[in-house]
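Q: Before I ask anything, here is the structure I am working with.
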2 protein chains.
Amino acid sequence: MQIEHNHFQYEVAPRQSANPVHTWRNWLIGKPLATAEAPHQTIGKAIGLAVFSSDALSSTAYSTQEMLIILAAAGAGAFHYSITLMIGILVLLFILIVSYEQTIHAYPGGGGAYIVARDNLGELPAQTAGAALLTDYILTVAVSVSSGVAQIVSAYPGVYPYRVWIAVGMVVFIMVINLRGVKESGFTFAIPTYFFIVMMYATVLFGLLRMLTGTLGVVQDPPPMEMLHALQPVSFFLILRAFSSGTSALTGVEAISNGITAFKEPRSKNAGATLVWMAAILGSLLLGITILANHIAAVPSEQETLISQLGRTVFDGRGVLYMGTILSTTVILVMAANTAFADFPRLSALHAGDGFLPRQLTFRGSRLVFSHGIMALSVIASLLIIVFQASVTRLIPLYAIGVFLSFTLSQTGMARRWWKVGHLQPGVEVKEPGSTLRYEKGWQVKMVINSIGAVCTFVVMIVFAVTKFHDGAYIVVILTPVLVSIFFAIHHHYKSLARQLSLDTPCSYNPLRRHRVIMPISGVHRGTLEALRYARTLSDDITAVHVSIDPEETERVQYKWEKRGEGIRLVVLNSPYRMFIEPLLEYIDMVVAACKNNEVVTILVPQFVPRHWWTAFLHARTADTLRKALLNHENIVITEVPYQVR
Amino acid sequence: MQIEHNHFQYEVAPRQSANPVHTWRNWLIGKPLATAEAPHQTIGKAIGLAVFSSDALSSTAYSTQEMLIILAAAGAGAFHYSITLMIGILVLLFILIVSYEQTIHAYPGGGGAYIVARDNLGELPAQTAGAALLTDYILTVAVSVSSGVAQIVSAYPGVYPYRVWIAVGMVVFIMVINLRGVKESGFTFAIPTYFFIVMMYATVLFGLLRMLTGTLGVVQDPPPMEMLHALQPVSFFLILRAFSSGTSALTGVEAISNGITAFKEPRSKNAGATLVWMAAILGSLLLGITILANHIAAVPSEQETLISQLGRTVFDGRGVLYMGTILSTTVILVMAANTAFADFPRLSALHAGDGFLPRQLTFRGSRLVFSHGIMALSVIASLLIIVFQASVTRLIPLYAIGVFLSFTLSQTGMARRWWKVGHLQPGVEVKEPGSTLRYEKGWQVKMVINSIGAVCTFVVMIVFAVTKFHDGAYIVVILTPVLVSIFFAIHHHYKSLARQLSLDTPCSYNPLRRHRVIMPISGVHRGTLEALRYARTLSDDITAVHVSIDPEETERVQYKWEKRGEGIRLVVLNSPYRMFIEPLLEYIDMVVAACKNNEVVTILVPQFVPRHWWTAFLHARTADTLRKALLNHENIVITEVPYQVR
């Protein structure tokens, strides 16, 4: 303990609580961790790949299938377009990776779209990017978990009727894992992610080998084909629409740039290398799966996923290897949801810290994570799953638009940053909240790269919004500006409050001249006398008030008060309407109306504290009722003096 | 204003509130009425018949039909037993009326089963009778409203899918009517009750006339027959079971004895005359309907009620007279629910006054009615309607058992009372809470009458419980003792609390020796300084406490406090776990642990009062959280000092 002036520095020891709720919580989510332990909570490249890549990698489980569902509107003959479309998507992936590699090095403290847009474009673009990303994280959870359940349904068709509740159960499971903290998440999630990478490469490579040796046939007993739209000829619009569905493969590539601080030093280098590895794995798997899907004549279906059809064709039936593929795919999709759980609370805390979301979101829970954000995410994602009945195809139209909006804003911000960097004097440093600017050679090339990224992702976003508008994209088109407006309304509230509470303009507080105490009593008993004893320490100006409903009861109260009331004045309020609160409010209003500015009235309510929860219903909550009714009165303080009975 | 000693008598004027909620409430449920207006709120025989007889009279709408549904198990050939059974029920009705006539004169202040059992048999029988009656009132609402909706469905089969929500809507409608008060209820309900009596006599008398003149045929296009049980031969058990269903006709005859105080003087005479009139109308209608139902070969059905079949057969199709019969029946059933609304809150207030239900139930609302009880009744009845899908046949097995249990207890209590009366010395008066005992000639006859009533109703109750056990009576058989146990648990709580708070054993309260104030602050602003100003009126021993999560923020707080903190000590709690509440609790625990018995600690929390409801989400409720956590600590008072921003 250090004492300086009248300041007293106090370190609280870890609370040894006998509270059974705490014990139970510790068992479920682990013991609290101190700030000092935080730096050790960083992760290396291998674990980083597992934690931050699962979102991107898992999209291999549904993106090809979602393209085929759109193409199915032009018949199975149109499926071959999927290969060309996938190559286009891989080009887009390449552009994004090069762009984000630059971001990671420019923002070693975390270069999510929110920070990049805030530092370079201003508040409105930053809030827009944030709204888009928060929406996207929620949809990542909903889509990934729904797709994971679809894999289970493929292997065990009997559970189809329970898919929605299985999905909600998964969300709750991931929530609990995340409340335990990021390090255990990293460890918990590394094995399954690598299991997925191995199984998926085994499937794709073995499939390609059999294809080249001519031993790979077509899928046996294909499920009934699904179509999202009515039968139509192949058109440019349909191709674009299929392309839009396919871009869901690119969701999640930004995850690493948001989570740079979670990496071991040198952060940027480790994060950048992880990004390249992730892109290589993602790209090769996407292409392999799309080629094989065409070769085996896979059919898009809600009954059986494309991965399941591929697995049982490559491995000749539902054997151990098939089951391994399905299991690993299911698990990676659950892990993908975890990526969102890592980033959503972090981003909402950033918003909250800047005053655009409720301040409570910046409070940390006991495990170095942002509990409020994690719980909000779980609830909203579960609702989406319930509303859209855990159907990936129905969720996809809401999905990628937010991602591409944030891509666009982030790349535009980066391009702007290079422009600023290029116009600095060499040797000059400009500190911005998220990064430090200093002159760099070759800024022009970097600006061009990010500009290309910005233009490409902007075009994809427009294509997506137009082709998917009626299928659900309109929801996001409406929701994003609404969210941004809410963020600004919150910001306005905090700013105006801070201004009004500010001590910068001169203000002085003279001591209060008079303190009156009003004590409503329903009877004269030990609780009343304890409250009276407390009242006497507050003021010499005390009035007890009794609301008279039953005259006999009132007589008893008056008689007892005369004996035990220590000469304190008792006011009896006759209640001709047999109400209790109303006459009391009337009286308080009258007293307060006579108050001067430097006077205060305390309403002192003796309140019985029930020992058992159920007895709470047997006692009126007078203080709460008065507090609600008198909230907007100045110069009134309501105090509840509890009395416990052993 | 009279001033006596230091007592101050204050009459509160009717509150002229600008609160829009009050204005709206006044429009919906009328202006508050003063106690002085209460005596004028009594009603005469004609209105009394309307208010208290609707329950009994409306059972004509379903009791015959419910007998037929049971007899249907032995085929339509068994229907003729219904006439004999109905005659048996009328004999029972006669016994009950004679018994209750005696009760009404013995208990002019209201002679419900609860009061009669309490005065003559003791607490356990009284609570049992009360539990049975409260259950019964709820079921009256559910059954009557469900039957009312069944009448509507008979006339407009298209609304069948919406029957549950129509029923719930009706319950809400009756609730609003009742929150307005009893006089308007009486007036509102008189016209429809008499409309029903006229329409039903028209149907029955015209039907009997056509029957005697041989022009009444059988029902055309009868609906499909309903059966509650599997096909079986006629057995004694089946006959008893049908009889049990028929006894639902007798529910509601006790209503007048509960509501005697609502009558004009001479109360007992008016109430007794009303009872006889009610019984005569009820008995003649029941018999007429049963005879006609047999003659027209009416078929029990969920699709079309017996009343509807009778109406369209007597009046040759669905003309104006048919529609009048259906309308009046629907309305009387809704009125029947109103009988329960008049008695349920009255009875629960009696229980609450004796300390067997939460005391709040004795508070009156603003319209001379017991708002809490009315709302509780509405909610529970609505739930029953939803669970039993507004089916009268499924609700009936829960219904009459409680009624007959209360009949039995009430008659037994009366018999006991006559025994006590018979053993008094002439001229001696014994005052009991509910009535005054003095010797009466002929007490033996009266005792025998009530004893016969007790035995008959007891036998019916046992028959009902046995024959309907599996159909739902078991719910009531289990529920009643559970309710009684809850009532006694509540009573025990209040009694033990009163004993512990009592001032009868000597106890003295020395003045508190020391008053410490702890003031948690998150920042230094106008709100903090206002709270500090208040704190200074409480004590000279003030400690401000700041939980430090962000070191920079803490430095700012320390700097500002040095300037504006008036030399008050500031304790900084480092929160290595980045929690807010936990370190604060730790510190408070430490301070309180050092407290002596005659010391008190006040936790003073500056609390921002949001101007708009939505901004409440943007501020932590620290005082509430602390209050919950510290509820069981003695010597701690938590005070919230509100600060408003204009």
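Letters for chains follow the order of the structure tokens (A, B, ...), residue numbers begin at 1 for each chain, and ligand numbers begin at 1 in the order shown.
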From the DSSP assignment of the backbone, select every residue of stretch 492-565 of chain A that is strand (DSSP E), and format the answer as a ChimeraX atom specification.
A: /A:514-520,541-548
Q: Take the residues just selected and output them with C-alpha atoms as a compact mmCIF listing (two decimals), in the first residue's frame.
A:
# COMPACT_ATOMS: atom_id res chain seq x y z
CA ARG A 514 -31.13 22.45 4.92
CA HIS A 515 -31.67 18.71 4.84
CA ARG A 516 -35.17 17.44 5.51
CA VAL A 517 -35.96 13.75 6.03
CA ILE A 518 -39.38 12.26 5.27
CA MET A 519 -39.89 8.74 6.54
CA PRO A 520 -43.02 6.86 5.35
CA ASP A 541 -35.52 17.81 10.64
CA ILE A 542 -37.36 14.49 10.43
CA THR A 543 -41.03 13.86 9.63
CA ALA A 544 -42.62 10.43 9.83
CA VAL A 545 -45.57 9.97 7.46
CA HIS A 546 -48.31 7.39 7.79
CA VAL A 547 -50.88 6.81 5.05
CA SER A 548 -54.13 5.98 6.81
Q: I need the residues of stretch 405-597 of chain A that end up classed as alpha helix (DSSP H) by DSSP on the backbone, written out as a ChimeraX atom specification.
A: /A:405-422,443-467,474-501,526-538,551-564,581-593
Q: What's around A:Gln151 at 9 Å? Count only C-alpha atoms, leave out sequence neighbours fewer than 3 positions away in its own chain, and write the answer as a PDB file with N, CA, C and O atoms, in the first residue's frame.
A:
ATOM      1  N   ALA A  61     -16.767 -25.186 -47.529  1.00  0.00           N
ATOM      2  CA  ALA A  61     -17.844 -26.152 -47.284  1.00  0.00           C
ATOM      3  C   ALA A  61     -19.132 -25.757 -47.978  1.00  0.00           C
ATOM      4  O   ALA A  61     -20.005 -26.601 -48.180  1.00  0.00           O
ATOM      5  N   SER A 146     -25.077 -23.067 -39.334  1.00  0.00           N
ATOM      6  CA  SER A 146     -26.110 -23.713 -40.144  1.00  0.00           C
ATOM      7  C   SER A 146     -25.488 -24.701 -41.117  1.00  0.00           C
ATOM      8  O   SER A 146     -25.996 -25.815 -41.306  1.00  0.00           O
ATOM      9  N   SER A 147     -24.380 -24.323 -41.747  1.00  0.00           N
ATOM     10  CA  SER A 147     -23.714 -25.229 -42.676  1.00  0.00           C
ATOM     11  C   SER A 147     -23.162 -26.446 -41.933  1.00  0.00           C
ATOM     12  O   SER A 147     -23.221 -27.566 -42.430  1.00  0.00           O
ATOM     13  N   GLY A 148     -22.635 -26.221 -40.740  1.00  0.00           N
ATOM     14  CA  GLY A 148     -22.142 -27.341 -39.935  1.00  0.00           C
ATOM     15  C   GLY A 148     -23.248 -28.344 -39.642  1.00  0.00           C
ATOM     16  O   GLY A 148     -23.056 -29.557 -39.758  1.00  0.00           O
ATOM     17  N   SER A 154     -26.438 -34.448 -43.476  1.00  0.00           N
ATOM     18  CA  SER A 154     -26.026 -35.283 -44.606  1.00  0.00           C
ATOM     19  C   SER A 154     -25.664 -36.685 -44.141  1.00  0.00           C
ATOM     20  O   SER A 154     -25.997 -37.677 -44.788  1.00  0.00           O
ATOM     21  N   ALA A 155     -24.967 -36.751 -42.999  1.00  0.00           N
ATOM     22  CA  ALA A 155     -24.533 -38.059 -42.504  1.00  0.00           C
ATOM     23  C   ALA A 155     -25.663 -38.776 -41.769  1.00  0.00           C
ATOM     24  O   ALA A 155     -25.772 -40.005 -41.844  1.00  0.00           O
ATOM     25  N   TYR A 156     -26.488 -38.016 -41.064  1.00  0.00           N
ATOM     26  CA  TYR A 156     -27.591 -38.606 -40.297  1.00  0.00           C
ATOM     27  C   TYR A 156     -28.892 -37.901 -40.656  1.00  0.00           C
ATOM     28  O   TYR A 156     -29.344 -36.995 -39.945  1.00  0.00           O
ATOM     29  N   GLU A 304     -28.428 -33.105 -48.692  1.00  0.00           N
ATOM     30  CA  GLU A 304     -27.065 -33.596 -48.554  1.00  0.00           C
ATOM     31  C   GLU A 304     -26.112 -32.554 -49.120  1.00  0.00           C
ATOM     32  O   GLU A 304     -26.286 -32.082 -50.242  1.00  0.00           O
ATOM     33  N   THR A 305     -25.083 -32.202 -48.362  1.00  0.00           N
ATOM     34  CA  THR A 305     -24.161 -31.166 -48.816  1.00  0.00           C
ATOM     35  C   THR A 305     -23.258 -31.711 -49.926  1.00  0.00           C
ATOM     36  O   THR A 305     -23.101 -32.926 -50.092  1.00  0.00           O
ATOM     37  N   ILE A 307     -20.061 -31.434 -49.992  1.00  0.00           N
ATOM     38  CA  ILE A 307     -18.909 -32.093 -49.359  1.00  0.00           C
ATOM     39  C   ILE A 307     -19.230 -33.555 -49.073  1.00  0.00           C
ATOM     40  O   ILE A 307     -18.404 -34.447 -49.290  1.00  0.00           O
ATOM     41  N   SER A 308     -20.450 -33.828 -48.632  1.00  0.00           N
ATOM     42  CA  SER A 308     -20.845 -35.197 -48.334  1.00  0.00           C
ATOM     43  C   SER A 308     -20.875 -36.031 -49.620  1.00  0.00           C
ATOM     44  O   SER A 308     -20.384 -37.163 -49.661  1.00  0.00           O
ATOM     45  N   ILE A 326     -16.633 -35.507 -43.061  1.00  0.00           N
ATOM     46  CA  ILE A 326     -17.837 -34.818 -42.575  1.00  0.00           C
ATOM     47  C   ILE A 326     -17.590 -34.224 -41.192  1.00  0.00           C
ATOM     48  O   ILE A 326     -17.891 -33.051 -40.924  1.00  0.00           O
ATOM     49  N   LEU A 327     -16.990 -35.027 -40.320  1.00  0.00           N
ATOM     50  CA  LEU A 327     -16.734 -34.567 -38.953  1.00  0.00           C
ATOM     51  C   LEU A 327     -15.841 -33.336 -38.964  1.00  0.00           C
ATOM     52  O   LEU A 327     -16.137 -32.319 -38.326  1.00  0.00           O
ATOM     53  N   THR A 329     -15.295 -31.224 -41.345  1.00  0.00           N
ATOM     54  CA  THR A 329     -15.976 -30.073 -41.946  1.00  0.00           C
ATOM     55  C   THR A 329     -16.939 -29.442 -40.948  1.00  0.00           C
ATOM     56  O   THR A 329     -17.000 -28.213 -40.793  1.00  0.00           O
ATOM     57  N   THR A 330     -17.686 -30.285 -40.257  1.00  0.00           N
ATOM     58  CA  THR A 330     -18.607 -29.773 -39.246  1.00  0.00           C
ATOM     59  C   THR A 330     -17.844 -28.970 -38.204  1.00  0.00           C
ATOM     60  O   THR A 330     -18.228 -27.844 -37.844  1.00  0.00           O
TER      61      THR A 330
END
Q: Near stretch 554-562 of chain B, counting only C-alpha atoms, which residues have an atom at most 9 Å away, once you skip same-chain residues fewer than 2 positions from it, shown as a compact mmCIF listing (two decimals) with all heavy atoms, in the first residue's frame?
A:
# COMPACT_ATOMS: atom_id res chain seq x y z
N HIS A 7 -4.32 10.36 -1.02
CA HIS A 7 -4.71 9.25 -1.90
C HIS A 7 -4.18 7.96 -1.33
O HIS A 7 -3.12 7.91 -0.72
CB HIS A 7 -4.17 9.46 -3.31
CG HIS A 7 -4.77 10.64 -3.98
ND1 HIS A 7 -4.34 11.11 -5.18
CD2 HIS A 7 -5.78 11.46 -3.60
CE1 HIS A 7 -5.04 12.18 -5.50
NE2 HIS A 7 -5.92 12.41 -4.56
N ILE B 521 -16.81 6.77 -7.46
CA ILE B 521 -16.89 7.73 -8.56
C ILE B 521 -16.14 7.18 -9.77
O ILE B 521 -15.10 6.56 -9.64
CB ILE B 521 -16.29 9.12 -8.18
CG1 ILE B 521 -14.82 8.97 -7.76
CG2 ILE B 521 -17.09 9.77 -7.07
CD1 ILE B 521 -14.11 10.30 -7.63
N SER B 522 -16.74 7.37 -10.96
CA SER B 522 -16.05 6.92 -12.17
C SER B 522 -15.35 8.10 -12.83
O SER B 522 -14.43 7.92 -13.61
CB SER B 522 -17.05 6.28 -13.12
OG SER B 522 -18.07 7.20 -13.42
N GLY B 523 -15.78 9.30 -12.52
CA GLY B 523 -15.13 10.49 -13.07
C GLY B 523 -15.45 11.65 -12.15
O GLY B 523 -16.22 11.51 -11.19
N VAL B 524 -14.88 12.82 -12.42
CA VAL B 524 -15.18 14.00 -11.61
C VAL B 524 -15.92 14.99 -12.52
O VAL B 524 -15.35 15.55 -13.45
CB VAL B 524 -13.89 14.65 -11.07
CG1 VAL B 524 -14.24 15.84 -10.18
CG2 VAL B 524 -13.08 13.62 -10.29
N HIS B 525 -17.22 15.12 -12.27
CA HIS B 525 -18.05 16.02 -13.09
C HIS B 525 -19.14 16.61 -12.21
O HIS B 525 -19.16 16.38 -10.99
CB HIS B 525 -18.61 15.29 -14.31
CG HIS B 525 -19.29 13.99 -13.98
ND1 HIS B 525 -20.44 13.93 -13.25
CD2 HIS B 525 -18.95 12.70 -14.27
CE1 HIS B 525 -20.82 12.68 -13.12
NE2 HIS B 525 -19.93 11.90 -13.71
N HIS B 546 -12.37 5.20 -6.38
CA HIS B 546 -12.33 5.10 -7.84
C HIS B 546 -11.73 3.75 -8.22
O HIS B 546 -10.65 3.40 -7.76
CB HIS B 546 -11.48 6.24 -8.42
CG HIS B 546 -11.30 6.13 -9.90
ND1 HIS B 546 -12.33 6.33 -10.79
CD2 HIS B 546 -10.22 5.81 -10.65
CE1 HIS B 546 -11.88 6.15 -12.03
NE2 HIS B 546 -10.60 5.84 -11.96
N VAL B 547 -12.44 3.00 -9.04
CA VAL B 547 -11.90 1.72 -9.53
C VAL B 547 -11.11 2.01 -10.79
O VAL B 547 -11.65 2.53 -11.77
CB VAL B 547 -13.04 0.72 -9.81
CG1 VAL B 547 -12.47 -0.55 -10.42
CG2 VAL B 547 -13.81 0.43 -8.55
N SER B 548 -9.84 1.69 -10.74
CA SER B 548 -8.94 2.05 -11.84
C SER B 548 -8.81 0.90 -12.83
O SER B 548 -8.27 -0.15 -12.51
CB SER B 548 -7.57 2.41 -11.28
OG SER B 548 -6.63 2.40 -12.31
N ILE B 549 -9.32 1.12 -14.03
CA ILE B 549 -9.18 0.11 -15.09
C ILE B 549 -8.19 0.65 -16.12
O ILE B 549 -7.30 -0.05 -16.58
CB ILE B 549 -10.55 -0.20 -15.71
CG1 ILE B 549 -11.38 -0.98 -14.69
CG2 ILE B 549 -10.41 -0.98 -16.99
CD1 ILE B 549 -12.83 -1.14 -15.03
N ASP B 550 -8.31 1.95 -16.42
CA ASP B 550 -7.44 2.60 -17.39
C ASP B 550 -6.55 3.60 -16.63
O ASP B 550 -7.05 4.59 -16.08
CB ASP B 550 -8.33 3.31 -18.43
CG ASP B 550 -7.54 4.16 -19.41
OD1 ASP B 550 -6.30 4.21 -19.29
OD2 ASP B 550 -8.17 4.77 -20.28
N PRO B 551 -5.21 3.39 -16.55
CA PRO B 551 -4.34 4.24 -15.73
C PRO B 551 -4.41 5.72 -16.13
O PRO B 551 -4.36 6.60 -15.27
CB PRO B 551 -2.94 3.67 -15.97
CG PRO B 551 -3.15 2.30 -16.52
CD PRO B 551 -4.47 2.31 -17.22
N GLU B 552 -4.54 6.00 -17.43
CA GLU B 552 -4.61 7.41 -17.87
C GLU B 552 -5.84 8.09 -17.32
O GLU B 552 -5.80 9.22 -16.82
CB GLU B 552 -4.64 7.49 -19.40
CG GLU B 552 -3.27 7.28 -20.03
CD GLU B 552 -3.38 7.29 -21.55
OE1 GLU B 552 -4.20 8.06 -22.10
OE2 GLU B 552 -2.65 6.51 -22.19
N ARG B 564 -11.06 19.70 -7.11
CA ARG B 564 -12.47 19.92 -6.76
C ARG B 564 -12.98 19.06 -5.61
O ARG B 564 -14.15 19.18 -5.24
CB ARG B 564 -13.37 19.65 -7.99
CG ARG B 564 -12.99 20.41 -9.26
CD ARG B 564 -13.14 21.92 -9.10
NE ARG B 564 -14.46 22.36 -8.69
CZ ARG B 564 -15.30 23.03 -9.49
NH1 ARG B 564 -14.96 23.33 -10.71
NH2 ARG B 564 -16.47 23.41 -9.03
N GLY B 565 -12.14 18.17 -5.09
CA GLY B 565 -12.62 17.19 -4.11
C GLY B 565 -12.73 17.70 -2.69
O GLY B 565 -13.00 16.92 -1.77
N GLU B 566 -12.49 19.01 -2.47
CA GLU B 566 -12.64 19.64 -1.16
C GLU B 566 -11.86 18.91 -0.08
O GLU B 566 -12.30 18.80 1.07
CB GLU B 566 -14.13 19.72 -0.77
CG GLU B 566 -14.95 20.46 -1.81
CD GLU B 566 -16.44 20.54 -1.45
OE1 GLU B 566 -16.79 20.25 -0.29
OE2 GLU B 566 -17.24 20.90 -2.34
N GLY B 567 -10.72 18.34 -0.45
CA GLY B 567 -9.87 17.69 0.53
C GLY B 567 -10.34 16.32 1.01
O GLY B 567 -9.78 15.74 1.92
N ILE B 568 -11.40 15.83 0.39
CA ILE B 568 -11.92 14.51 0.76
C ILE B 568 -10.96 13.43 0.26
O ILE B 568 -10.41 13.53 -0.82
CB ILE B 568 -13.32 14.30 0.12
CG1 ILE B 568 -14.32 15.36 0.59
CG2 ILE B 568 -13.84 12.89 0.35
CD1 ILE B 568 -14.67 15.27 2.04
N LEU B 570 -9.44 10.24 -1.42
CA LEU B 570 -9.78 9.43 -2.60
C LEU B 570 -9.01 8.12 -2.53
O LEU B 570 -7.78 8.12 -2.44
CB LEU B 570 -9.41 10.17 -3.88
CG LEU B 570 -9.57 9.38 -5.18
CD1 LEU B 570 -11.04 9.14 -5.51
CD2 LEU B 570 -8.89 10.08 -6.35
N VAL B 572 -7.97 4.76 -4.54
CA VAL B 572 -7.94 4.19 -5.88
C VAL B 572 -7.82 2.68 -5.75
O VAL B 572 -6.91 2.18 -5.10
CB VAL B 572 -6.77 4.75 -6.70
CG1 VAL B 572 -6.67 4.03 -8.03
CG2 VAL B 572 -6.97 6.24 -6.90
Q: Tell me which of B:Gln360, B:Ser496, B:Thr203, B:Asn450 sits closest to chain A, counting only C-alpha atoms.
A: B:Gln360
Q: Just how far from atom CA of A:Ile452 is atom CA of A:Leu347, in Å to one decimal?
A: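 So the answer is 26.2 Å.
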Q: So which one's closest to chain B, A:Pro345, A:Pro358, A:Pro506, A:Gly169? Using only C-alpha atoms, please.
A: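 Of A:Pro345, A:Pro358, A:Pro506, A:Gly169, the one nearest chain B is A:Pro358, counting only C-alpha atoms.
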Q: Near stretch 99-111 of chain A, within 6 Å and counting only C-alpha atoms, which residues show up once chain neighbours fewer than 6 positions away are dropped, as JSON, numbers by chain?
A: {"A": [257, 258, 259, 260, 261, 268, 272, 435, 450]}
Q: Just to confirm, what's the straight-line distance from atom CA of A:Val609 to atom CA of B:Glu530 in Å (one decimal)?
A: 29.1 Å
Q: Find the residues around stretch 474-477 of chain B up to 9 Å (only C-alpha atoms counted), leave out those fewer than 5 positions away in its own chain, and share them as a ChimeraX atom specification.
A: /B:132,135,397-399,401-402,465,468-469
Q: Pull all heavy atoms from the residues just selected and write them as a tab-separated table (two decimals), in the first residue's frame.
A:
chain	number	residue	atom	x	y	z
B	132	ALA	N	-60.34	-23.74	-2.71
B	132	ALA	CA	-61.29	-24.33	-3.64
B	132	ALA	C	-62.05	-23.26	-4.39
B	132	ALA	O	-62.24	-23.34	-5.61
B	132	ALA	CB	-62.25	-25.24	-2.88
B	135	THR	N	-59.82	-21.32	-6.96
B	135	THR	CA	-59.66	-22.16	-8.15
B	135	THR	C	-60.93	-22.12	-8.99
B	135	THR	O	-60.89	-22.00	-10.21
B	135	THR	CB	-59.39	-23.61	-7.71
B	135	THR	OG1	-58.44	-23.60	-6.65
B	135	THR	CG2	-58.87	-24.44	-8.86
B	397	PRO	N	-63.98	-31.22	-16.23
B	397	PRO	CA	-63.54	-32.12	-15.15
B	397	PRO	C	-62.76	-31.41	-14.03
B	397	PRO	O	-62.62	-31.94	-12.95
B	397	PRO	CB	-62.65	-33.12	-15.87
B	397	PRO	CG	-63.09	-33.09	-17.28
B	397	PRO	CD	-63.51	-31.68	-17.54
B	398	LEU	N	-62.26	-30.21	-14.31
B	398	LEU	CA	-61.54	-29.47	-13.27
B	398	LEU	C	-62.50	-28.59	-12.45
B	398	LEU	O	-62.11	-28.05	-11.42
B	398	LEU	CB	-60.49	-28.53	-13.90
B	398	LEU	CG	-59.18	-29.10	-14.38
B	398	LEU	CD1	-59.37	-29.93	-15.64
B	398	LEU	CD2	-58.19	-27.99	-14.62
B	399	TYR	N	-63.73	-28.48	-12.96
B	399	TYR	CA	-64.56	-27.36	-12.52
B	399	TYR	C	-65.28	-27.60	-11.20
B	399	TYR	O	-64.91	-27.03	-10.16
B	399	TYR	CB	-65.55	-27.04	-13.64
B	399	TYR	CG	-66.30	-25.75	-13.53
B	399	TYR	CD1	-65.87	-24.75	-12.68
B	399	TYR	CD2	-67.42	-25.53	-14.30
B	399	TYR	CE1	-66.57	-23.55	-12.60
B	399	TYR	CE2	-68.12	-24.34	-14.23
B	399	TYR	CZ	-67.70	-23.35	-13.37
B	399	TYR	OH	-68.38	-22.18	-13.29
B	401	ILE	N	-65.58	-29.71	-8.83
B	401	ILE	CA	-65.08	-30.34	-7.61
B	401	ILE	C	-64.78	-29.30	-6.53
B	401	ILE	O	-65.12	-29.47	-5.37
B	401	ILE	CB	-63.85	-31.22	-7.94
B	401	ILE	CG1	-63.42	-32.02	-6.72
B	401	ILE	CG2	-62.69	-30.39	-8.47
B	401	ILE	CD1	-62.45	-33.14	-7.07
B	402	GLY	N	-64.18	-28.17	-6.95
B	402	GLY	CA	-63.87	-27.12	-5.98
B	402	GLY	C	-65.14	-26.50	-5.42
B	402	GLY	O	-65.24	-26.20	-4.22
B	465	ALA	N	-65.07	-36.48	-8.01
B	465	ALA	CA	-63.63	-36.74	-7.98
B	465	ALA	C	-63.32	-38.13	-8.54
B	465	ALA	O	-62.36	-38.31	-9.30
B	465	ALA	CB	-63.10	-36.61	-6.56
B	468	LYS	N	-64.39	-38.39	-12.50
B	468	LYS	CA	-63.68	-37.49	-13.41
B	468	LYS	C	-62.17	-37.49	-13.16
B	468	LYS	O	-61.45	-36.67	-13.75
B	468	LYS	CB	-64.19	-36.05	-13.22
B	468	LYS	CG	-65.66	-35.87	-13.51
B	468	LYS	CD	-65.91	-35.77	-14.99
B	468	LYS	CE	-67.38	-35.51	-15.26
B	468	LYS	NZ	-67.68	-35.63	-16.69
B	469	PHE	N	-61.73	-38.40	-12.26
B	469	PHE	CA	-60.33	-38.33	-11.83
B	469	PHE	C	-59.37	-38.28	-13.01
B	469	PHE	O	-58.55	-37.38	-13.12
B	469	PHE	CB	-60.01	-39.52	-10.92
B	469	PHE	CG	-58.71	-39.37	-10.18
B	469	PHE	CD1	-58.65	-38.57	-9.04
B	469	PHE	CD2	-57.56	-40.00	-10.61
B	469	PHE	CE1	-57.46	-38.41	-8.35
B	469	PHE	CE2	-56.36	-39.84	-9.93
B	469	PHE	CZ	-56.31	-39.05	-8.80
Q: Name the residues in contact with stretch 633-643 of chain B at a cut-off of 6 Å, using only C-alpha atoms, excluding same-chain residues fewer than 2 positions from it; report them as a list in words.
A: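 The residues satisfying every condition are Val637, Thr639 and Val641 of chain A; Gly527, Ala531, Val600, Val601, Thr602, Ile603, Leu604, Val605, Pro606, Gln607, Phe608, Val609, Leu630 and Leu631 of chain B.
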